[in-house]
Amino acid sequence: MPHAPVPRSHPIFRRLPAAALCALLSGAVLLPVSPAAAQDAAQSTPAVGSQPGASRTYSPPSFRDLARTQIDTVVNISSTQAPQASGGGRLPEGMDVPPGSPLEEFFREFRNRQRGGQGNGPENGPGNGQEGASPDSPQGLPSMALGSGFIIDPAGLIVTNNHVVADAAEIAVTLHDGTKLPAKLLGSDAPTDLALLKVESAKPLAAAHWGDSESVEVGDWVVAIGNPFGLGGSVTAGILSARARDIQQGPYDEYLQTDAAINRGNSGGPLYDAGGAVIGINTAIYSPTGGSVGIGFAIPSSLAKPIIDQLKDGGKVRRGWLGVQVQRVTPDIAESLGTNGTGGALVTSISPGSPAASAGLRQGDVITAFNGDPLEQMRQLPRLVASSEIGRTVPMTLLRGGKEQSIQVTVGELRDEPQQLAMSGSSGAPRSAEPEESKSSLGLKLAPLTPGLRQTFSIAEDIDGLVVTEVDRDSAASQRGLDLGDVIVEAGQEPVATAADLETRIAKAKEQGRKTLLMLVSRGGDLRYVPLPLDGRKG
């Protein structure tokens, strides 16, 4: 007798009735119920909403009205970069390879990743990039980048990210209905990664309106619309995950974080609140895969709108300028200074002739408030100064020698001037040369600056102090990043020129009951404060 054919699918999925199948998939237990029992149950169950306290079915919010009204305001942006003779970008200095070399393909892939290709992960930081960038083009052919944008004026003004249109020879905008229009770059601002485009249309365009990013709270619903992976207008929803994120992309980082799906190609697209107002411009993602993992970042509208207004009026952005370099006040630095808390910005250097210099600000001061706004974190200061009215005199509160003072400073204008390079030394000089006089302290071997040491370590003539000639690998100095050739300019906020000076500062700090000594260290002309434990051991 022939065997019955074996069914291709599991019998349980073929024979269970629909109700039982649904119960199985949801993890419920389905029990047989007689018709009479079913009728009694139906009569005893109150209708939803029939009386107070009745059970209600939860329905998640629908964003169909928002999507229907705003989808036409979002555009796709494609930019074409001029051909590169080196095959997609200039190599970093010292990495040039001859054409046809086996390393040429390696460096081409390296450039691809640097420009926003695959591989943006935790070790590389947040990815922005021309997320829709095409693979590296053959030599002599242009490359293309894809992104998003949104219309803010029916006359054809469009907001996007600077990195979407940077170095573009041609820019094209595709509307939601498929109309493709050439675009002109009215202005861009690299520090905030914003750009403003203009297109000419025969009819008025649907425009989005700005919202207030300051009114949105963590946990509120948000919606992103953009052009992920070049697919065209796509709508995703999530919540506001965090505010004021610093992702180390610029001096004015104040990003909104969201778990709404943002992928490569969404850059420049709008982030809406539940009412359909633009509260952010999607800019970056944090991802080990190149795709959305629920960590996306948007420029808040409170920062973006004033920048866009300036680009609209004059094509450039004017920012306030103080003329100081600052660093964060860590708990160790606060202990060294004898201050309470870690708020404020520690001044490491002051530009000659700057507004800060004219106001009497000093190296080592801790700025605690600017124009009445307290500084809970150091990174608040650059944004407050940049947004201040140029030429206006404002109050500034600071700590100097443990005492609070108030001074008046007149805000200057930040100029886009090329940075001065540090003095370059001879390329063949050994970096392990040790002078005859040296002394070990806090895990360091130090020596007074001599002409020979200046040449060996490329130290500028205007830098004075003790040069580090050796660092104990098991010391706190090594852990805090001190290295060969660093110059200790100050210790305990007083200059040091000899090893005896340093020992005096150490003894004074111990007498005052300090656990750490604050060092002002110069590396390549850049100054920073480093607190070192007085016992010299790792923390």
# chains A, B, ... in the order shown; residues from 1 in each chain; ligands from 1
>>> residues_around(residues="Ser201 of chain A", least_positions_apart="5", cutoff="9 Å", atoms="only C-alpha atoms", output="MDAnalysis selection string")
chainID A and resid 155:156 181
>>> residues_around(residues="Ala261 of chain A", least_positions_apart="5", cutoff="10 Å", atoms="only C-alpha atoms", output="count of residues only")
17
>>> residues_around(residues="Pro300 of chain A", least_positions_apart="3", cutoff="8 Å", atoms="only C-alpha atoms", output="NGL selection string")
:A and (213 or 254-256 or 279-281 or 303-304)
>>> closest_residue(among="A:Lys316, A:Arg245, A:Arg64, A:Lys180", to="Ile77 of chain A", atoms="only C-alpha atoms")
A:Lys180
>>> residues_around(residues="Leu205 of chain A", least_positions_apart="3", cutoff="12 Å", atoms="only C-alpha atoms", output="PDB file with N, CA, C and O atoms, in the first residue's frame")
ATOM      1  N   GLN A  70       2.967  67.489   4.659  1.00  0.00           N
ATOM      2  CA  GLN A  70       4.375  67.900   4.648  1.00  0.00           C
ATOM      3  C   GLN A  70       5.229  67.184   3.603  1.00  0.00           C
ATOM      4  O   GLN A  70       6.339  67.630   3.326  1.00  0.00           O
ATOM      5  N   ILE A  71       4.741  66.090   3.053  1.00  0.00           N
ATOM      6  CA  ILE A  71       5.572  65.322   2.124  1.00  0.00           C
ATOM      7  C   ILE A  71       5.974  66.158   0.914  1.00  0.00           C
ATOM      8  O   ILE A  71       7.077  66.002   0.368  1.00  0.00           O
ATOM      9  N   ASP A  72       5.114  67.097   0.504  1.00  0.00           N
ATOM     10  CA  ASP A  72       5.427  67.928  -0.660  1.00  0.00           C
ATOM     11  C   ASP A  72       6.478  68.993  -0.349  1.00  0.00           C
ATOM     12  O   ASP A  72       7.040  69.591  -1.271  1.00  0.00           O
ATOM     13  N   THR A  73       6.731  69.252   0.930  1.00  0.00           N
ATOM     14  CA  THR A  73       7.728  70.265   1.280  1.00  0.00           C
ATOM     15  C   THR A  73       9.145  69.691   1.309  1.00  0.00           C
ATOM     16  O   THR A  73      10.111  70.446   1.392  1.00  0.00           O
ATOM     17  N   VAL A  74       9.261  68.371   1.268  1.00  0.00           N
ATOM     18  CA  VAL A  74      10.562  67.708   1.353  1.00  0.00           C
ATOM     19  C   VAL A  74      11.052  67.368  -0.053  1.00  0.00           C
ATOM     20  O   VAL A  74      10.286  66.884  -0.889  1.00  0.00           O
ATOM     21  N   VAL A  75      12.316  67.616  -0.321  1.00  0.00           N
ATOM     22  CA  VAL A  75      12.878  67.410  -1.660  1.00  0.00           C
ATOM     23  C   VAL A  75      14.098  66.493  -1.579  1.00  0.00           C
ATOM     24  O   VAL A  75      14.718  66.329  -0.522  1.00  0.00           O
ATOM     25  N   PHE A 150      14.399  70.654   2.600  1.00  0.00           N
ATOM     26  CA  PHE A 150      12.990  71.012   2.728  1.00  0.00           C
ATOM     27  C   PHE A 150      12.804  72.483   2.374  1.00  0.00           C
ATOM     28  O   PHE A 150      13.681  73.317   2.604  1.00  0.00           O
ATOM     29  N   ILE A 151      11.661  72.769   1.794  1.00  0.00           N
ATOM     30  CA  ILE A 151      11.337  74.114   1.310  1.00  0.00           C
ATOM     31  C   ILE A 151      10.837  74.957   2.479  1.00  0.00           C
ATOM     32  O   ILE A 151       9.971  74.524   3.244  1.00  0.00           O
ATOM     33  N   ILE A 152      11.382  76.170   2.628  1.00  0.00           N
ATOM     34  CA  ILE A 152      10.949  77.063   3.706  1.00  0.00           C
ATOM     35  C   ILE A 152      10.267  78.310   3.166  1.00  0.00           C
ATOM     36  O   ILE A 152       9.791  79.132   3.954  1.00  0.00           O
ATOM     37  N   ASP A 153      10.228  78.457   1.839  1.00  0.00           N
ATOM     38  CA  ASP A 153       9.604  79.633   1.234  1.00  0.00           C
ATOM     39  C   ASP A 153       8.998  79.211  -0.098  1.00  0.00           C
ATOM     40  O   ASP A 153       9.660  78.543  -0.903  1.00  0.00           O
ATOM     41  N   PRO A 154       7.727  79.571  -0.372  1.00  0.00           N
ATOM     42  CA  PRO A 154       7.106  79.192  -1.648  1.00  0.00           C
ATOM     43  C   PRO A 154       7.875  79.693  -2.862  1.00  0.00           C
ATOM     44  O   PRO A 154       7.702  79.166  -3.969  1.00  0.00           O
ATOM     45  N   ALA A 155       8.736  80.723  -2.666  1.00  0.00           N
ATOM     46  CA  ALA A 155       9.520  81.251  -3.776  1.00  0.00           C
ATOM     47  C   ALA A 155      10.682  80.345  -4.158  1.00  0.00           C
ATOM     48  O   ALA A 155      11.370  80.608  -5.140  1.00  0.00           O
ATOM     49  N   GLY A 156      10.934  79.265  -3.375  1.00  0.00           N
ATOM     50  CA  GLY A 156      11.949  78.300  -3.769  1.00  0.00           C
ATOM     51  C   GLY A 156      13.186  78.248  -2.905  1.00  0.00           C
ATOM     52  O   GLY A 156      14.230  77.759  -3.344  1.00  0.00           O
ATOM     53  N   LEU A 157      13.122  78.725  -1.644  1.00  0.00           N
ATOM     54  CA  LEU A 157      14.252  78.614  -0.736  1.00  0.00           C
ATOM     55  C   LEU A 157      14.233  77.246  -0.060  1.00  0.00           C
ATOM     56  O   LEU A 157      13.197  76.811   0.456  1.00  0.00           O
ATOM     57  N   ILE A 158      15.376  76.574  -0.052  1.00  0.00           N
ATOM     58  CA  ILE A 158      15.463  75.198   0.430  1.00  0.00           C
ATOM     59  C   ILE A 158      16.633  75.075   1.408  1.00  0.00           C
ATOM     60  O   ILE A 158      17.742  75.520   1.119  1.00  0.00           O
ATOM     61  N   LEU A 175      11.528  67.573  -6.745  1.00  0.00           N
ATOM     62  CA  LEU A 175      10.350  67.731  -5.907  1.00  0.00           C
ATOM     63  C   LEU A 175       9.630  66.397  -5.752  1.00  0.00           C
ATOM     64  O   LEU A 175       9.918  65.416  -6.445  1.00  0.00           O
ATOM     65  N   HIS A 176       8.660  66.361  -4.840  1.00  0.00           N
ATOM     66  CA  HIS A 176       7.953  65.110  -4.569  1.00  0.00           C
ATOM     67  C   HIS A 176       7.177  64.614  -5.780  1.00  0.00           C
ATOM     68  O   HIS A 176       6.996  63.398  -5.958  1.00  0.00           O
ATOM     69  N   ASP A 177       6.736  65.543  -6.648  1.00  0.00           N
ATOM     70  CA  ASP A 177       5.986  65.121  -7.838  1.00  0.00           C
ATOM     71  C   ASP A 177       6.899  64.708  -8.986  1.00  0.00           C
ATOM     72  O   ASP A 177       6.425  64.429 -10.094  1.00  0.00           O
ATOM     73  N   THR A 179       9.315  66.594 -10.404  1.00  0.00           N
ATOM     74  CA  THR A 179       9.899  67.727 -11.115  1.00  0.00           C
ATOM     75  C   THR A 179      11.346  67.942 -10.671  1.00  0.00           C
ATOM     76  O   THR A 179      11.622  68.025  -9.472  1.00  0.00           O
ATOM     77  N   LYS A 198      18.451  77.849  -3.680  1.00  0.00           N
ATOM     78  CA  LYS A 198      17.349  78.565  -4.346  1.00  0.00           C
ATOM     79  C   LYS A 198      17.051  77.890  -5.669  1.00  0.00           C
ATOM     80  O   LYS A 198      17.962  77.599  -6.454  1.00  0.00           O
ATOM     81  N   VAL A 199      15.771  77.593  -5.902  1.00  0.00           N
ATOM     82  CA  VAL A 199      15.330  77.065  -7.189  1.00  0.00           C
ATOM     83  C   VAL A 199      14.275  78.007  -7.764  1.00  0.00           C
ATOM     84  O   VAL A 199      13.609  78.741  -7.038  1.00  0.00           O
ATOM     85  N   GLU A 200      14.159  77.994  -9.075  1.00  0.00           N
ATOM     86  CA  GLU A 200      13.146  78.799  -9.755  1.00  0.00           C
ATOM     87  C   GLU A 200      12.020  77.869 -10.209  1.00  0.00           C
ATOM     88  O   GLU A 200      12.255  76.895 -10.921  1.00  0.00           O
ATOM     89  N   SER A 201      10.787  78.166  -9.784  1.00  0.00           N
ATOM     90  CA  SER A 201       9.636  77.342 -10.135  1.00  0.00           C
ATOM     91  C   SER A 201       8.558  78.216 -10.751  1.00  0.00           C
ATOM     92  O   SER A 201       8.367  79.374 -10.340  1.00  0.00           O
ATOM     93  N   ALA A 202       7.835  77.650 -11.715  1.00  0.00           N
ATOM     94  CA  ALA A 202       6.772  78.398 -12.393  1.00  0.00           C
ATOM     95  C   ALA A 202       5.574  78.620 -11.483  1.00  0.00           C
ATOM     96  O   ALA A 202       4.751  79.499 -11.733  1.00  0.00           O
ATOM     97  N   ALA A 208       7.374  74.307   4.350  1.00  0.00           N
ATOM     98  CA  ALA A 208       7.264  73.942   5.756  1.00  0.00           C
ATOM     99  C   ALA A 208       7.431  75.186   6.617  1.00  0.00           C
ATOM    100  O   ALA A 208       7.883  76.231   6.142  1.00  0.00           O
TER     101      ALA A 208
END
>>> closest_residue(among="A:Leu240, A:Leu398, A:Leu466, A:Ala460", to="Leu271 of chain A", atoms="only C-alpha atoms")
A:Leu240
>>> select_by_dssp(residues="segment 320-458 of chain A", states="strand (DSSP E or B)", output="VMD selection string")
chain A and resid 320 to 321 324 to 328 345 to 350 366 to 370 373 to 374 393 to 400 403 to 410 412 to 413 439 to 441 444 to 448
>>> select_by_dssp(residues="segment 274-497 of chain A", states="helix (DSSP H, G or I)", output="PyMOL selection string")
chain A and resi 301-314+331-337+355-359+380-386+451-457+476-479
>>> write_last_selection(atoms="N, CA and C atoms", output="short mmCIF file (atom, residue, chain, number, x, y, z; two decimals), in the first residue's frame")
data_model
loop_
_atom_site.label_atom_id
_atom_site.label_comp_id
_atom_site.auth_asym_id
_atom_site.auth_seq_id
_atom_site.Cartn_x
_atom_site.Cartn_y
_atom_site.Cartn_z
N SER A 301 16.13 73.57 15.64
CA SER A 301 15.67 74.75 14.90
C SER A 301 16.09 76.04 15.59
N SER A 302 16.22 76.02 16.92
CA SER A 302 16.63 77.23 17.64
C SER A 302 18.02 77.67 17.23
N LEU A 303 18.88 76.72 16.81
CA LEU A 303 20.21 77.06 16.31
C LEU A 303 20.19 77.31 14.82
N ALA A 304 19.39 76.52 14.09
CA ALA A 304 19.42 76.58 12.62
C ALA A 304 18.75 77.83 12.06
N LYS A 305 17.60 78.21 12.60
CA LYS A 305 16.84 79.30 11.99
C LYS A 305 17.61 80.62 11.93
N PRO A 306 18.28 81.07 13.00
CA PRO A 306 19.06 82.31 12.89
C PRO A 306 20.17 82.22 11.85
N ILE A 307 20.78 81.04 11.72
CA ILE A 307 21.84 80.87 10.71
C ILE A 307 21.25 80.97 9.31
N ILE A 308 20.13 80.30 9.09
CA ILE A 308 19.48 80.34 7.77
C ILE A 308 19.02 81.76 7.44
N ASP A 309 18.52 82.49 8.43
CA ASP A 309 18.10 83.88 8.20
C ASP A 309 19.29 84.73 7.74
N GLN A 310 20.48 84.52 8.33
CA GLN A 310 21.66 85.27 7.91
C GLN A 310 22.10 84.87 6.50
N LEU A 311 22.04 83.57 6.20
CA LEU A 311 22.40 83.13 4.85
C LEU A 311 21.43 83.70 3.82
N LYS A 312 20.18 83.83 4.19
CA LYS A 312 19.17 84.39 3.29
C LYS A 312 19.43 85.88 3.04
N ASP A 313 19.85 86.59 4.08
CA ASP A 313 20.04 88.04 3.95
C ASP A 313 21.34 88.40 3.26
N GLY A 314 22.42 87.68 3.59
CA GLY A 314 23.72 88.10 3.04
C GLY A 314 24.60 87.00 2.52
N PRO A 331 36.75 67.32 37.71
CA PRO A 331 36.82 67.29 39.18
C PRO A 331 38.24 67.51 39.70
N ASP A 332 39.26 66.94 39.02
CA ASP A 332 40.64 67.13 39.46
C ASP A 332 41.07 68.58 39.32
N ILE A 333 40.67 69.22 38.22
CA ILE A 333 41.01 70.63 38.03
C ILE A 333 40.31 71.50 39.08
N ALA A 334 39.04 71.18 39.34
CA ALA A 334 38.31 71.94 40.36
C ALA A 334 38.99 71.82 41.72
N GLU A 335 39.49 70.60 42.04
CA GLU A 335 40.18 70.41 43.32
C GLU A 335 41.49 71.19 43.35
N SER A 336 42.19 71.22 42.21
CA SER A 336 43.45 71.96 42.14
C SER A 336 43.23 73.45 42.32
N LEU A 337 42.10 73.96 41.81
CA LEU A 337 41.81 75.39 41.89
C LEU A 337 41.14 75.76 43.20
N PRO A 355 38.96 90.94 22.30
CA PRO A 355 38.05 91.52 23.30
C PRO A 355 38.33 91.01 24.71
N ALA A 356 38.71 89.74 24.83
CA ALA A 356 39.00 89.19 26.15
C ALA A 356 40.23 89.86 26.76
N ALA A 357 41.27 90.10 25.94
CA ALA A 357 42.48 90.76 26.43
C ALA A 357 42.17 92.19 26.84
N SER A 358 41.37 92.88 26.05
CA SER A 358 41.02 94.27 26.37
C SER A 358 40.19 94.37 27.65
N ALA A 359 39.39 93.31 27.92
CA ALA A 359 38.54 93.32 29.11
C ALA A 359 39.31 92.93 30.37
N GLN A 380 28.96 75.43 26.39
CA GLN A 380 27.92 76.45 26.23
C GLN A 380 28.52 77.78 25.80
N LEU A 381 29.76 78.06 26.23
CA LEU A 381 30.35 79.37 25.99
C LEU A 381 30.50 79.70 24.50
N PRO A 382 31.07 78.82 23.65
CA PRO A 382 31.21 79.18 22.23
C PRO A 382 29.88 79.55 21.58
N ARG A 383 28.82 78.82 21.92
CA ARG A 383 27.53 79.13 21.29
C ARG A 383 26.97 80.46 21.78
N LEU A 384 27.10 80.73 23.10
CA LEU A 384 26.59 82.00 23.64
C LEU A 384 27.34 83.18 23.03
N VAL A 385 28.65 83.06 22.92
CA VAL A 385 29.44 84.16 22.35
C VAL A 385 29.12 84.34 20.87
N ALA A 386 29.04 83.22 20.14
CA ALA A 386 28.79 83.30 18.69
C ALA A 386 27.45 83.95 18.38
N PRO A 451 68.50 76.18 23.60
CA PRO A 451 68.38 76.25 22.13
C PRO A 451 68.36 74.87 21.49
N GLY A 452 69.17 73.95 22.02
CA GLY A 452 69.19 72.61 21.45
C GLY A 452 67.87 71.89 21.63
N LEU A 453 67.25 72.01 22.83
CA LEU A 453 65.97 71.37 23.07
C LEU A 453 64.86 72.00 22.24
N ARG A 454 64.92 73.32 22.06
CA ARG A 454 63.92 73.98 21.22
C ARG A 454 63.96 73.42 19.80
N GLN A 455 65.18 73.21 19.28
CA GLN A 455 65.31 72.67 17.93
C GLN A 455 64.88 71.21 17.88
N THR A 456 65.27 70.45 18.89
CA THR A 456 64.94 69.03 18.90
C THR A 456 63.44 68.79 18.92
N PHE A 457 62.74 69.55 19.75
CA PHE A 457 61.30 69.32 19.93
C PHE A 457 60.44 70.36 19.22
N ALA A 476 51.03 58.70 36.77
CA ALA A 476 49.81 59.43 36.44
C ALA A 476 50.04 60.37 35.26
N ALA A 477 51.27 60.88 35.13
CA ALA A 477 51.58 61.78 34.02
C ALA A 477 51.37 61.07 32.69
N SER A 478 51.78 59.81 32.61
CA SER A 478 51.57 59.04 31.39
C SER A 478 50.09 58.80 31.15
N GLN A 479 49.36 58.49 32.22
CA GLN A 479 47.93 58.26 32.10
C GLN A 479 47.19 59.52 31.65
#
>>> closest_residue(among="A:Asn340, A:Asn282, A:Ser349, A:Thr393", to="Gly323 of chain A", atoms="only C-alpha atoms")
A:Ser349
>>> atom_distance(atom1="atom CA of Gln249 of chain A", atom2="atom CA of Ala284 of chain A")
9.5 Å
